[in-house]
Structures are given as structure tokens and as C-alpha cells.
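work.cif (mmCIF, C-alpha atoms) appears below.
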data_start
#
loop_
_atom_site.label_atom_id
_atom_site.label_comp_id
_atom_site.auth_asym_id
_atom_site.auth_seq_id
_atom_site.Cartn_x
_atom_site.Cartn_y
_atom_site.Cartn_z
CA MET L 864 0.00 0.00 0.00
CA SER L 865 2.76 2.41 0.88
CA ASP L 866 5.29 3.48 -1.66
CA ASP L 867 8.68 4.14 -0.19
CA ASN L 868 9.57 7.59 -1.33
CA LYS L 869 6.52 9.62 -0.41
CA THR L 870 7.11 13.22 0.63
CA ILE L 871 4.77 16.00 1.61
CA GLU L 872 5.23 19.76 1.70
CA MET L 873 4.61 21.17 5.15
CA GLU L 874 4.05 24.91 5.35
CA VAL L 875 4.76 25.85 8.93
CA LEU L 876 4.05 29.19 10.55
CA ARG L 877 7.26 30.61 11.98
CA TYR L 878 7.67 33.43 14.44
CA ARG L 879 10.78 34.07 16.48
CA PRO L 880 10.13 37.31 18.36
CA GLU L 881 13.81 38.23 18.67
CA GLN L 882 14.40 38.24 14.91
CA ASP L 883 11.07 38.20 13.01
CA ARG L 884 8.93 41.31 12.78
CA GLU L 885 5.88 39.25 11.96
CA PRO L 886 4.94 35.59 11.47
CA PHE L 887 5.67 34.03 8.07
CA PHE L 888 5.38 30.61 6.45
CA GLN L 889 8.35 28.35 5.90
CA THR L 890 7.99 25.29 3.67
CA TYR L 891 9.68 21.98 4.37
CA GLU L 892 9.79 18.89 2.19
CA VAL L 893 9.11 16.00 4.56
CA PRO L 894 9.47 12.30 3.65
CA PHE L 895 6.89 10.25 5.52
CA GLU L 896 5.30 6.85 5.96
CA ASP L 897 1.64 5.97 6.16
CA ASP L 898 1.54 5.82 9.94
CA TRP L 899 3.18 9.22 10.50
CA SER L 900 1.23 11.87 12.36
CA VAL L 901 1.60 15.61 11.71
CA LEU L 902 3.49 15.74 15.01
CA GLN L 903 5.97 13.18 13.69
CA GLY L 904 6.38 15.34 10.59
CA LEU L 905 7.23 18.31 12.79
CA GLN L 906 9.66 16.18 14.80
CA TYR L 907 11.34 15.14 11.56
CA ILE L 908 11.75 18.81 10.64
CA LYS L 909 13.21 19.62 14.04
CA ASP L 910 15.58 16.63 14.12
CA ASP L 911 16.74 16.59 10.51
CA LEU L 912 15.94 19.86 8.72
CA ASP L 913 15.70 22.84 11.06
CA SER L 914 16.38 22.60 14.78
CA SER L 915 15.13 26.14 15.39
CA LEU L 916 11.46 25.12 15.00
CA SER L 917 9.49 25.24 18.28
CA PHE L 918 6.29 23.36 19.12
CA ARG L 919 4.74 21.78 22.22
CA TRP L 920 4.24 18.05 22.51
CA SER L 921 4.49 15.31 25.08
CA CYS L 922 2.46 12.09 25.04
CA ARG L 923 1.92 11.36 21.30
CA MET L 924 -1.39 9.67 22.14
CA ALA L 925 -4.03 12.39 22.52
CA ILE L 926 -4.07 12.49 26.28
CA CYS L 927 -1.73 15.34 27.29
CA GLY L 928 -3.39 18.04 25.17
CA SER L 929 -0.10 19.77 24.29
CA CYS L 930 0.07 19.55 20.49
CA GLY L 931 -3.05 21.50 19.51
CA MET L 932 -2.46 23.39 16.25
CA MET L 933 -4.28 24.66 13.18
CA ILE L 934 -3.93 22.04 10.45
CA ASP L 935 -5.15 23.41 7.13
CA GLY L 936 -7.18 25.93 9.13
CA VAL L 937 -8.86 23.38 11.42
CA PRO L 938 -7.95 23.06 15.11
CA LYS L 939 -6.58 19.51 15.59
CA LEU L 940 -4.15 17.58 17.74
CA GLY L 941 -0.94 17.05 15.77
CA CYS L 942 -0.55 13.55 17.21
CA ARG L 943 -3.88 12.16 16.00
CA THR L 944 -3.88 13.75 12.55
CA PHE L 945 -2.13 11.78 9.85
CA LEU L 946 0.04 13.13 7.06
CA ARG L 947 -1.32 10.53 4.62
CA ASN L 948 -4.72 12.27 4.70
CA TYR L 949 -3.14 15.41 3.23
CA HIS L 950 -1.07 13.65 0.62
CA SER L 951 -0.58 14.48 -2.24
CA GLY L 952 -1.35 18.10 -1.52
CA LYS L 953 0.38 20.55 0.75
CA LEU L 954 -0.25 20.81 4.44
CA ARG L 955 -0.37 24.07 6.36
CA VAL L 956 0.41 24.08 10.07
CA GLU L 957 -0.18 27.16 12.23
CA ALA L 958 -0.31 28.07 15.89
CA LEU L 959 -3.77 27.73 17.49
CA GLU L 960 -6.02 30.60 16.53
CA HIS L 961 -7.23 33.25 19.01
CA PHE L 962 -4.11 33.00 21.18
CA PRO L 963 -1.01 35.19 21.13
CA ILE L 964 2.02 33.42 19.66
CA GLU L 965 4.98 32.96 21.96
CA ARG L 966 7.20 31.35 19.35
CA ASP L 967 6.46 29.43 16.13
CA LEU L 968 3.64 26.98 17.03
CA VAL L 969 3.84 27.71 20.76
CA ILE L 970 0.99 29.85 22.06
CA VAL L 971 0.65 31.93 25.23
CA VAL L 972 -1.78 30.07 27.50
CA ASP L 973 -1.91 32.56 30.39
CA ASP L 974 -5.48 33.66 29.66
CA PHE L 975 -6.71 30.06 29.66
CA MET L 976 -4.88 29.18 32.90
CA GLU L 977 -6.18 32.27 34.67
CA LYS L 978 -9.77 31.53 33.62
CA LEU L 979 -9.44 27.87 34.56
CA ALA L 980 -8.65 28.84 38.15
CA ARG L 981 -11.68 31.16 38.23
CA ILE L 982 -14.24 28.34 38.00
CA LYS L 983 -12.64 26.41 40.89
CA PRO L 984 -11.99 23.19 38.94
CA TYR L 985 -11.99 20.88 41.96
CA LEU L 986 -14.55 19.25 44.24
CA ILE L 987 -15.93 21.51 46.92
CA PRO L 988 -17.61 18.90 49.17
CA LYS L 989 -21.26 19.43 50.02
CA GLN L 990 -20.57 18.05 53.46
CA VAL L 991 -16.98 17.65 54.53
CA ARG L 992 -16.41 14.10 55.75
CA LYS L 993 -13.88 13.15 58.35
CA LEU L 994 -11.38 10.44 57.50
CA GLU L 995 -13.13 7.87 59.72
CA GLN L 996 -16.44 8.54 57.92
CA GLY L 997 -15.00 6.98 54.79
CA GLU L 998 -15.15 7.88 51.11
CA TYR L 999 -17.54 10.16 49.27
CA LEU L 1000 -19.72 7.53 47.64
CA GLN L 1001 -21.38 7.84 44.25
CA THR L 1002 -23.64 5.59 42.18
CA PRO L 1003 -22.85 4.76 38.53
CA GLY L 1004 -25.91 6.85 37.62
CA GLN L 1005 -24.52 9.87 39.45
CA LEU L 1006 -21.17 9.35 37.73
CA GLU L 1007 -22.87 9.37 34.32
CA GLN L 1008 -24.19 12.88 35.04
CA TYR L 1009 -20.73 14.39 34.55
CA ARG L 1010 -18.38 11.63 33.24
CA GLN L 1011 -18.36 12.87 29.65
CA PHE L 1012 -17.40 16.40 30.74
CA SER L 1013 -14.56 15.13 32.92
CA THR L 1014 -12.58 13.77 29.97
CA CYS L 1015 -11.37 17.23 28.87
CA ILE L 1016 -7.59 17.35 28.35
CA ASN L 1017 -7.31 21.18 28.23
CA CYS L 1018 -5.96 21.08 24.68
CA MET L 1019 -7.73 24.39 23.87
CA LEU L 1020 -8.84 23.29 20.38
CA CYS L 1021 -12.34 24.49 21.32
CA TYR L 1022 -10.95 27.96 22.08
CA ALA L 1023 -9.36 28.12 18.63
CA ALA L 1024 -12.73 27.02 17.18
CA CYS L 1025 -14.93 29.41 19.18
CA PRO L 1026 -15.80 32.56 17.20
CA GLN L 1027 -17.08 34.23 20.37
CA TYR L 1028 -13.75 33.80 22.14
CA GLY L 1029 -12.06 35.15 19.02
CA LEU L 1030 -14.23 38.26 19.01
CA ASN L 1031 -14.18 38.82 22.75
CA SER L 1032 -11.51 37.13 24.84
CA GLY L 1033 -13.38 38.18 27.99
CA PHE L 1034 -15.67 35.19 27.34
CA THR L 1035 -14.76 32.30 29.66
CA GLY L 1036 -14.95 29.92 26.69
CA PRO L 1037 -16.17 26.39 25.91
CA GLY L 1038 -13.65 24.08 27.60
CA ILE L 1039 -13.65 25.82 30.96
CA LEU L 1040 -17.44 26.19 31.02
CA ALA L 1041 -17.71 22.46 30.31
CA LEU L 1042 -15.41 21.84 33.28
CA MET L 1043 -17.53 24.14 35.40
CA HIS L 1044 -20.48 21.93 34.48
CA ARG L 1045 -18.45 18.81 35.29
CA TYR L 1046 -18.06 19.92 38.91
CA ASN L 1047 -21.54 21.44 39.25
CA ALA L 1048 -23.09 18.19 38.03
CA ASP L 1049 -21.11 16.05 40.48
CA SER L 1050 -23.34 14.68 43.27
CA ARG L 1051 -20.52 15.09 45.82
CA ASP L 1052 -20.01 18.76 45.01
CA GLY L 1053 -21.59 21.75 46.75
CA GLY L 1054 -19.69 24.57 45.03
CA ARG L 1055 -22.27 25.44 42.38
CA ASP L 1056 -23.22 28.80 43.88
CA GLN L 1057 -19.59 29.91 44.04
CA ARG L 1058 -19.01 28.95 40.40
CA MET L 1059 -22.28 30.27 39.01
CA GLU L 1060 -21.54 33.87 39.96
CA LEU L 1061 -19.29 33.76 36.91
CA GLY L 1062 -21.58 31.32 35.08
CA HIS L 1063 -24.59 33.67 35.22
CA SER L 1064 -22.66 36.61 33.73
CA ASP L 1065 -22.10 37.72 30.14
CA GLU L 1066 -18.54 36.38 30.47
CA GLY L 1067 -20.02 33.02 31.52
CA VAL L 1068 -22.56 30.85 29.70
CA TRP L 1069 -24.38 33.89 28.26
CA GLY L 1070 -21.36 34.83 26.18
CA CYS L 1071 -21.97 31.73 24.04
CA ALA L 1072 -23.84 32.19 20.74
CA ALA L 1073 -24.44 28.45 20.26
CA VAL L 1074 -22.24 28.00 17.18
CA ALA L 1075 -21.19 24.57 18.53
CA TYR L 1076 -18.00 24.30 16.47
CA CYS L 1077 -16.28 23.63 19.83
CA SER L 1078 -18.02 20.26 20.10
CA GLU L 1079 -17.09 19.40 16.52
CA VAL L 1080 -13.34 19.89 17.02
CA CYS L 1081 -13.14 18.35 20.51
CA PRO L 1082 -10.82 15.30 20.31
CA LYS L 1083 -12.32 13.75 23.46
CA GLU L 1084 -16.04 14.13 22.65
CA VAL L 1085 -16.63 16.34 25.68
CA ASP L 1086 -19.33 18.34 23.84
CA PRO L 1087 -18.84 21.74 25.53
CA ALA L 1088 -21.78 23.23 23.59
CA ASN L 1089 -24.09 20.76 25.31
CA ALA L 1090 -22.64 21.64 28.74
CA ILE L 1091 -23.13 25.34 28.09
CA ASN L 1092 -26.67 24.86 26.82
CA GLN L 1093 -27.62 22.87 29.92
CA ASN L 1094 -26.22 25.69 32.03
CA LYS L 1095 -28.10 28.31 30.05
CA MET L 1096 -31.30 26.48 30.97
CA GLY L 1097 -30.23 26.25 34.62
CA SER L 1098 -29.12 29.88 34.68
CA ALA L 1099 -32.40 31.06 33.09
CA ILE L 1100 -34.48 29.11 35.64
CA ASP L 1101 -32.36 30.60 38.41
CA TYR L 1102 -32.79 34.08 36.92
CA PHE L 1103 -36.57 33.92 37.18
CA LEU L 1104 -36.92 31.81 40.32
CA ARG L 1105 -34.48 33.78 42.49
CA PHE L 1106 -37.31 36.22 43.28
CA VAL L 1107 -39.64 33.54 44.64
CA ARG L 1108 -37.16 31.17 46.24
CA PRO L 1109 -37.16 31.26 50.06
CA ARG L 1110 -34.11 32.89 51.54
CA GLY L 1111 -31.26 30.61 52.42
CA ALA L 1112 -32.30 27.97 49.92
CA THR L 1113 -29.83 26.90 47.26
CA GLY L 1114 -30.56 25.84 43.74
CA MET C 728 -19.78 39.68 38.55
CA LYS C 729 -22.83 41.23 37.02
CA ARG C 730 -25.64 38.80 36.33
CA SER C 731 -26.59 38.80 32.66
CA ASN C 732 -30.06 39.89 31.53
CA GLU C 733 -29.75 37.54 28.61
CA PRO C 734 -32.10 34.89 30.18
CA VAL C 735 -35.10 37.13 29.40
CA PHE C 736 -34.32 37.29 25.68
CA TRP C 737 -32.93 33.77 25.51
CA SER C 738 -36.14 32.30 27.00
CA LEU C 739 -38.26 34.07 24.38
CA PHE C 740 -35.73 33.02 21.72
CA GLY C 741 -35.90 29.42 22.92
CA ALA C 742 -39.68 29.37 23.05
CA GLY C 743 -39.90 30.86 19.56
CA GLY C 744 -37.34 28.39 18.24
CA MET C 745 -39.22 25.47 19.70
CA LEU C 746 -42.54 26.71 18.32
CA SER C 747 -41.14 27.39 14.85
CA ALA C 748 -39.49 23.97 14.78
CA LEU C 749 -42.77 22.31 15.71
CA ILE C 750 -45.23 24.21 13.52
CA GLY C 751 -43.21 26.51 11.26
CA ALA C 752 -43.02 24.16 8.30
CA ALA C 753 -46.68 23.15 8.68
CA LEU C 754 -47.71 26.81 8.73
CA VAL C 755 -45.78 27.53 5.55
CA PHE C 756 -47.47 24.58 3.89
CA VAL C 757 -51.00 25.49 5.01
CA THR C 758 -50.87 29.23 4.34
CA GLY C 759 -48.44 29.29 1.40
CA ILE C 760 -49.02 26.08 -0.54
CA GLY C 761 -51.91 23.90 0.66
CA VAL C 762 -54.71 26.47 0.73
CA PRO C 763 -53.71 28.72 -2.23
CA LEU C 764 -53.14 25.71 -4.54
CA ALA C 765 -55.98 23.64 -3.03
CA LEU C 766 -53.43 20.92 -2.38
CA LEU C 767 -54.77 18.42 0.21
CA LEU C 768 -56.64 21.34 1.79
CA SER C 769 -59.85 23.13 0.88
CA PRO C 770 -59.30 26.60 -0.61
CA ASP C 771 -62.21 27.77 1.56
CA LEU C 772 -60.29 26.98 4.73
CA MET C 773 -58.80 30.46 5.05
CA GLN C 774 -61.80 32.47 3.86
CA TYR C 775 -62.37 35.80 5.58
CA GLN C 776 -65.29 34.56 7.67
CA ASN C 777 -63.38 31.50 8.85
CA MET C 778 -60.32 33.50 9.79
CA LEU C 779 -62.38 36.17 11.55
CA ALA C 780 -64.12 33.49 13.61
CA PHE C 781 -60.70 32.01 14.42
CA THR C 782 -59.36 35.33 15.66
CA GLN C 783 -62.48 35.98 17.70
CA HIS C 784 -62.11 32.82 19.72
CA TRP C 785 -59.80 33.22 22.73
CA LEU C 786 -57.83 30.12 21.80
CA GLY C 787 -57.35 31.43 18.26
CA LYS C 788 -56.13 34.75 19.64
CA LEU C 789 -53.66 32.94 21.87
CA VAL C 790 -52.29 30.84 19.00
CA ILE C 791 -51.90 33.83 16.65
CA PHE C 792 -50.31 35.91 19.40
CA ALA C 793 -47.83 33.18 20.33
CA VAL C 794 -46.87 32.59 16.69
CA ILE C 795 -46.34 36.28 15.89
CA ALA C 796 -44.65 37.35 19.13
CA LEU C 797 -42.42 34.33 19.79
CA PHE C 798 -41.34 34.02 16.14
CA LEU C 799 -40.35 37.70 16.27
CA TRP C 800 -38.33 37.37 19.48
CA HIS C 801 -36.64 34.32 18.02
CA ALA C 802 -35.83 36.08 14.76
CA THR C 803 -34.51 39.16 16.57
CA LEU C 804 -31.96 37.29 18.64
CA ARG C 805 -31.00 35.08 15.70
CA ILE C 806 -30.30 38.18 13.57
CA LEU C 807 -28.37 39.84 16.41
CA LEU C 808 -26.27 36.69 16.88
CA LEU C 809 -25.65 36.45 13.14
CA LEU C 810 -24.51 40.08 12.98
CA HIS C 811 -22.23 39.39 15.93
CA ASP C 812 -20.83 36.25 14.30
CA PHE C 813 -20.09 38.16 11.12
CA GLY C 814 -18.09 40.65 13.13
CA PHE C 815 -20.53 43.55 13.23
CA ARG C 816 -20.44 45.37 16.53
CA THR C 817 -23.80 44.73 18.14
CA GLY C 818 -23.79 47.13 21.04
CA ILE C 819 -26.64 48.40 23.15
CA GLY C 820 -28.01 50.43 20.19
CA THR C 821 -28.51 47.43 17.89
CA LYS C 822 -30.06 45.46 20.73
CA PHE C 823 -32.37 48.39 21.49
CA ILE C 824 -33.56 48.57 17.89
CA GLY C 825 -33.93 44.78 17.50
CA ASN C 826 -35.63 44.05 20.80
CA GLY C 827 -37.59 47.33 20.63
CA LEU C 828 -39.02 46.30 17.28
CA ALA C 829 -39.97 42.87 18.62
CA LEU C 830 -41.59 44.46 21.67
CA LEU C 831 -43.47 46.99 19.52
CA CYS C 832 -44.81 44.27 17.22
CA THR C 833 -45.74 42.11 20.21
CA LEU C 834 -47.76 44.94 21.71
CA ALA C 835 -49.32 45.76 18.33
CA ALA C 836 -50.29 42.10 17.83
CA ALA C 837 -51.87 42.00 21.30
CA TYR C 838 -53.75 45.24 20.69
CA LEU C 839 -55.07 44.24 17.25
CA LEU C 840 -56.13 40.78 18.44
CA LEU C 841 -58.02 42.29 21.35
CA ALA C 842 -59.54 44.96 19.09
CA LEU C 843 -61.04 42.24 16.88
CA GLY C 844 -63.36 41.38 19.75
CA SER C 845 -64.98 38.07 20.53
#

So that I can check it, write out the structure of this file as C-alpha cells.
Amino acid sequence: MSDDNKTIEMEVLRYRPEQDREPFFQTYEVPFEDDWSVLQGLQYIKDDLDSSLSFRWSCRMAICGSCGMMIDGVPKLGCRTFLRNYHSGKLRVEALEHFPIERDLVIVVDDFMEKLARIKPYLIPKQVRKLEQGEYLQTPGQLEQYRQFSTCINCMLCYAACPQYGLNSGFTGPGILALMHRYNADSRDGGRDQRMELGHSDEGVWGCAAVAYCSEVCPKEVDPANAINQNKMGSAIDYFLRFVRPRGATG
Amino acid sequence: MKRSNEPVFWSLFGAGGMLSALIGAALVFVTGIGVPLALLLSPDLMQYQNMLAFTQHWLGKLVIFAVIALFLWHATLRILLLLHDFGFRTGIGTKFIGNGLALLCTLAAAYLLLALGS
């Protein structure tokens, strides 16, 4: 099936702040085999053609979330996208959209990290149990309520896909709002009210315009658009019911 | 953080979307194809007397009001979102015009339906 001398042209976005005034494309001729990922192509460039190329990677198996990049304009993980699918055309690789570029394909993730902390992405126990009281138990049904949303690997592909985040970076964004839902929907958690102060705002779920491209590009089938939509419903109910709910009650 | 007022408009948008998904296509068929072309439906179905009687029944008023008002609120937000997605700046002014128009037409629909009597 494979012929031995296949090569592909990879157009890679370069930007080295100390010497380039603006980003530009550099083309490399990369020999490859059928089982080579785009990440392997980049590694070939770095090892054999141009050691100055910078990109993030770690696990090579779509679990660390480091190698998110724009591949022919679509946000994808470099490690689970194969060069053979782009043969015999060219292939364009760019840094993830909507983020500042630190160097070549490496983006600045400060905004994402800062927002991630804002939604308190950890269990805030409803009732704190002492060690001798044992574990926080949960039924398989209760686990199913949030399991899908807990598989996020923070790869930020959904941020590169989200037109709202691109237009207004004040928006908390799909991945983090899905994580907010993951903890809110956990039966052991009691931190919903703390998180929803942000959730109820225009920077929270109401900043979403339901384009749903985030869910399409997600490599882990988290479906952030679904999480946000569920929270819009919850937030709307809370908006109207807060006037009639007895004081001290939580929703 | 400031709580968003978006739930008000989003609820109307959602209700209108649901309603249009359920009956929108059927309405287009009945009013635009079935009755005018006498296709499956009697051309007399939407005669003046029939329609007047429909609007004079409280249930008819409710149906017409819901269809006009909720479709409008749905369309308004959809247009505002589209403008936003295409990169137009939709500030408070655009929202005022869009939602104002929907509100005005909602009130007009209510007034006219009530004016038709029972």
C-alpha cells in the first residue's frame, strides 16, 4: 500500500520574536510513511531539517493536550492527525487561533490558565467528611451525570474554534465552562453557587452564541456546547426563580 | 460579577425556536401552498369569515399571538447573533432597535387581536 519515497510539503508558521517582525510561512519537504502523524512530521523537521522550529508536545497519544495546532485551518491535535490524509497536496500548520504566539507553534496560555482557576476546577464537598467517615460515595448513575465532561484534556482546540472567544476574549470559553459543568453536576459537590456567579454573567454561559464548532473539534467528545446549553437552561431558571425562592435555599 | 439579563431574551428566543421547529413548516405549507393551490386542503379553509371566527375565539387569539410574538423574538436574537458572528459590533443600540421592534410588534399584535373582539 505504501510506496517508499513519499514526501509532503509542510508549510509551517514561523515566528521568532527576537528576529522576526511578523509571522511568516516556511515550507519543508518532509518524507513520511503511512503511519506518521503531523506531530511526527514536525519532529522530523526539528531533528533533521531545522532545529530552530518550536512546538509543544508530550504524550503522542491524545491524552496530554499539548500539540493543539491549526492544520489546514482546522484546530486539531498534531498527534492524532495523519500526514497521509493530506497527501498528495500541501499541508499548512499554524499556531492555534485566538491566542497570542509565543514562538512558532507555541501559544501563550496565560489567559486560559487564569480563567481555569476562576471556575474552581476541583470538588468543593457538600458536606466535609472526616477520615473515619469513609469515602464520598457515588452511584454509577450519578457518575454518568458528569463523566463525559470530565474527559477534557485542556488542549484548547475548542478555544481556537470558538468565534465568540475570538471576538471577545473576555468570554470564559467552551472548555472551561464544560469543566464548570463537570463539577456542578457532580453529586458530591456543593460549590455550584460559588461557580455560578461567573456562570450567570455575560462572560459566563451567556457569552456563548451556540455556534457549537467547539463540540465538533473536541478530540475527546466532551461536547462543551451541550454543557453550556444545559447551564443556560439552569441559569435562566435561576434568573426567574431567584425572586420567589425562600431565603437561604440553594438551587 | 454582574448577572446577565440575557435569560429574558434567551427564554423568548428558545420558546420561539421550539414553536417554529414544531409548527413553522406546517404553517408555511398550510398558508403558502396547501390552501392557495388547493393541495390536500380546501381553498375555503382560510376564507375571511373562517379567519375572523378564528381570531375571535380566545384560543385562536392565543395561537396567533404566540406565533407572531415568539417568532419575532426568536428572529430578533438570531439576527443579532448572526450580525455578531459576522463581526458587526452589536452594542446596546442594535439590541435596542432589535428588541424594541420585537416588543413593539408584540404589543401591536396583542392590541389588534383584542380589538377584533370576541

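The neighbours of segment 824-834 of chain C here are the residues that come within 8 Å of it, using only C-alpha atoms and leaving out any residue fewer than 3 positions away in the same chain; they are Phe792, Ile795, Ala796, Leu799, Trp800, Thr803, Leu804, Leu807, Gly820, Thr821, Ala837 and Tyr838 of chain C.
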
Neighbours of chain L in chain C at 10 Å, counting only C-alpha atoms, as a count of residues only: 22

Tyr1028 of chain L environment, 10 Å, all atoms listed in the file, sequence neighbours closer than 5 positions dropped, as a list in words: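 The contact residues come out as His961, Phe962, Cys1021, Tyr1022, Ala1023, Gly1033, Phe1034, Thr1035, Gly1036, Pro1037, Glu1066, Gly1070 and Cys1071 of chain L.
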
Selection dump of the PyMOL selection byres ((chain L and resi 958) around 9), as a PyMOL selection string: chain L and resi 875-877+918+931-934+956-957+959-960+962-964+966-970

Long-range neighbours of segment 949-954 of chain L as a count of residues only, 8 Å cut-off, only C-alpha atoms, 2 positions minimum in chain: 10

Output requested as a PDB file, in the frame of the given file - segment 738-748 of chain C, filled out with all heavy atoms.
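Contents of rebuild.pdb, freshly written:
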ATOM      1  N   SER C 738     -34.931  33.104  26.768  1.00  0.00           N
ATOM      2  CA  SER C 738     -36.140  32.300  27.000  1.00  0.00           C
ATOM      3  C   SER C 738     -37.145  32.505  25.873  1.00  0.00           C
ATOM      4  O   SER C 738     -37.729  31.541  25.371  1.00  0.00           O
ATOM      5  CB  SER C 738     -36.803  32.690  28.325  1.00  0.00           C
ATOM      6  OG  SER C 738     -35.880  32.601  29.367  1.00  0.00           O
ATOM      7  N   LEU C 739     -37.336  33.781  25.481  1.00  0.00           N
ATOM      8  CA  LEU C 739     -38.260  34.070  24.380  1.00  0.00           C
ATOM      9  C   LEU C 739     -37.723  33.483  23.070  1.00  0.00           C
ATOM     10  O   LEU C 739     -38.468  32.938  22.262  1.00  0.00           O
ATOM     11  CB  LEU C 739     -38.447  35.587  24.232  1.00  0.00           C
ATOM     12  CG  LEU C 739     -39.218  36.253  25.383  1.00  0.00           C
ATOM     13  CD1 LEU C 739     -39.017  37.756  25.365  1.00  0.00           C
ATOM     14  CD2 LEU C 739     -40.697  35.916  25.300  1.00  0.00           C
ATOM     15  N   PHE C 740     -36.405  33.590  22.891  1.00  0.00           N
ATOM     16  CA  PHE C 740     -35.730  33.020  21.720  1.00  0.00           C
ATOM     17  C   PHE C 740     -35.939  31.505  21.674  1.00  0.00           C
ATOM     18  O   PHE C 740     -36.306  30.935  20.635  1.00  0.00           O
ATOM     19  CB  PHE C 740     -34.246  33.369  21.801  1.00  0.00           C
ATOM     20  CG  PHE C 740     -33.361  32.617  20.846  1.00  0.00           C
ATOM     21  CD1 PHE C 740     -33.270  32.976  19.513  1.00  0.00           C
ATOM     22  CD2 PHE C 740     -32.583  31.550  21.303  1.00  0.00           C
ATOM     23  CE1 PHE C 740     -32.432  32.294  18.645  1.00  0.00           C
ATOM     24  CE2 PHE C 740     -31.747  30.870  20.446  1.00  0.00           C
ATOM     25  CZ  PHE C 740     -31.677  31.236  19.116  1.00  0.00           C
ATOM     26  N   GLY C 741     -35.753  30.871  22.846  1.00  0.00           N
ATOM     27  CA  GLY C 741     -35.900  29.420  22.920  1.00  0.00           C
ATOM     28  C   GLY C 741     -37.327  28.976  22.659  1.00  0.00           C
ATOM     29  O   GLY C 741     -37.562  28.022  21.914  1.00  0.00           O
ATOM     30  N   ALA C 742     -38.269  29.710  23.246  1.00  0.00           N
ATOM     31  CA  ALA C 742     -39.680  29.370  23.050  1.00  0.00           C
ATOM     32  C   ALA C 742     -40.060  29.524  21.586  1.00  0.00           C
ATOM     33  O   ALA C 742     -40.740  28.670  21.002  1.00  0.00           O
ATOM     34  CB  ALA C 742     -40.546  30.253  23.934  1.00  0.00           C
ATOM     35  N   GLY C 743     -39.604  30.615  20.979  1.00  0.00           N
ATOM     36  CA  GLY C 743     -39.900  30.860  19.560  1.00  0.00           C
ATOM     37  C   GLY C 743     -39.254  29.814  18.675  1.00  0.00           C
ATOM     38  O   GLY C 743     -39.851  29.360  17.693  1.00  0.00           O
ATOM     39  N   GLY C 744     -38.038  29.414  19.030  1.00  0.00           N
ATOM     40  CA  GLY C 744     -37.340  28.390  18.240  1.00  0.00           C
ATOM     41  C   GLY C 744     -38.061  27.065  18.299  1.00  0.00           C
ATOM     42  O   GLY C 744     -38.225  26.386  17.284  1.00  0.00           O
ATOM     43  N   MET C 745     -38.491  26.725  19.508  1.00  0.00           N
ATOM     44  CA  MET C 745     -39.220  25.470  19.700  1.00  0.00           C
ATOM     45  C   MET C 745     -40.521  25.494  18.893  1.00  0.00           C
ATOM     46  O   MET C 745     -40.846  24.546  18.164  1.00  0.00           O
ATOM     47  CB  MET C 745     -39.528  25.315  21.203  1.00  0.00           C
ATOM     48  CG  MET C 745     -40.417  24.153  21.548  1.00  0.00           C
ATOM     49  SD  MET C 745     -39.536  22.606  21.484  1.00  0.00           S
ATOM     50  CE  MET C 745     -38.913  22.527  23.164  1.00  0.00           C
ATOM     51  N   LEU C 746     -41.255  26.602  19.010  1.00  0.00           N
ATOM     52  CA  LEU C 746     -42.540  26.710  18.320  1.00  0.00           C
ATOM     53  C   LEU C 746     -42.352  26.657  16.801  1.00  0.00           C
ATOM     54  O   LEU C 746     -43.099  25.963  16.094  1.00  0.00           O
ATOM     55  CB  LEU C 746     -43.203  28.040  18.716  1.00  0.00           C
ATOM     56  CG  LEU C 746     -44.688  28.173  18.406  1.00  0.00           C
ATOM     57  CD1 LEU C 746     -45.484  27.171  19.236  1.00  0.00           C
ATOM     58  CD2 LEU C 746     -45.178  29.591  18.708  1.00  0.00           C
ATOM     59  N   SER C 747     -41.338  27.381  16.304  1.00  0.00           N
ATOM     60  CA  SER C 747     -41.140  27.390  14.850  1.00  0.00           C
ATOM     61  C   SER C 747     -40.690  26.024  14.349  1.00  0.00           C
ATOM     62  O   SER C 747     -41.071  25.603  13.257  1.00  0.00           O
ATOM     63  CB  SER C 747     -40.134  28.483  14.447  1.00  0.00           C
ATOM     64  OG  SER C 747     -38.887  28.229  15.032  1.00  0.00           O
ATOM     65  N   ALA C 748     -39.916  25.313  15.182  1.00  0.00           N
ATOM     66  CA  ALA C 748     -39.490  23.970  14.780  1.00  0.00           C
ATOM     67  C   ALA C 748     -40.686  23.028  14.718  1.00  0.00           C
ATOM     68  O   ALA C 748     -40.777  22.162  13.847  1.00  0.00           O
ATOM     69  CB  ALA C 748     -38.447  23.440  15.760  1.00  0.00           C
TER      70      ALA C 748
END
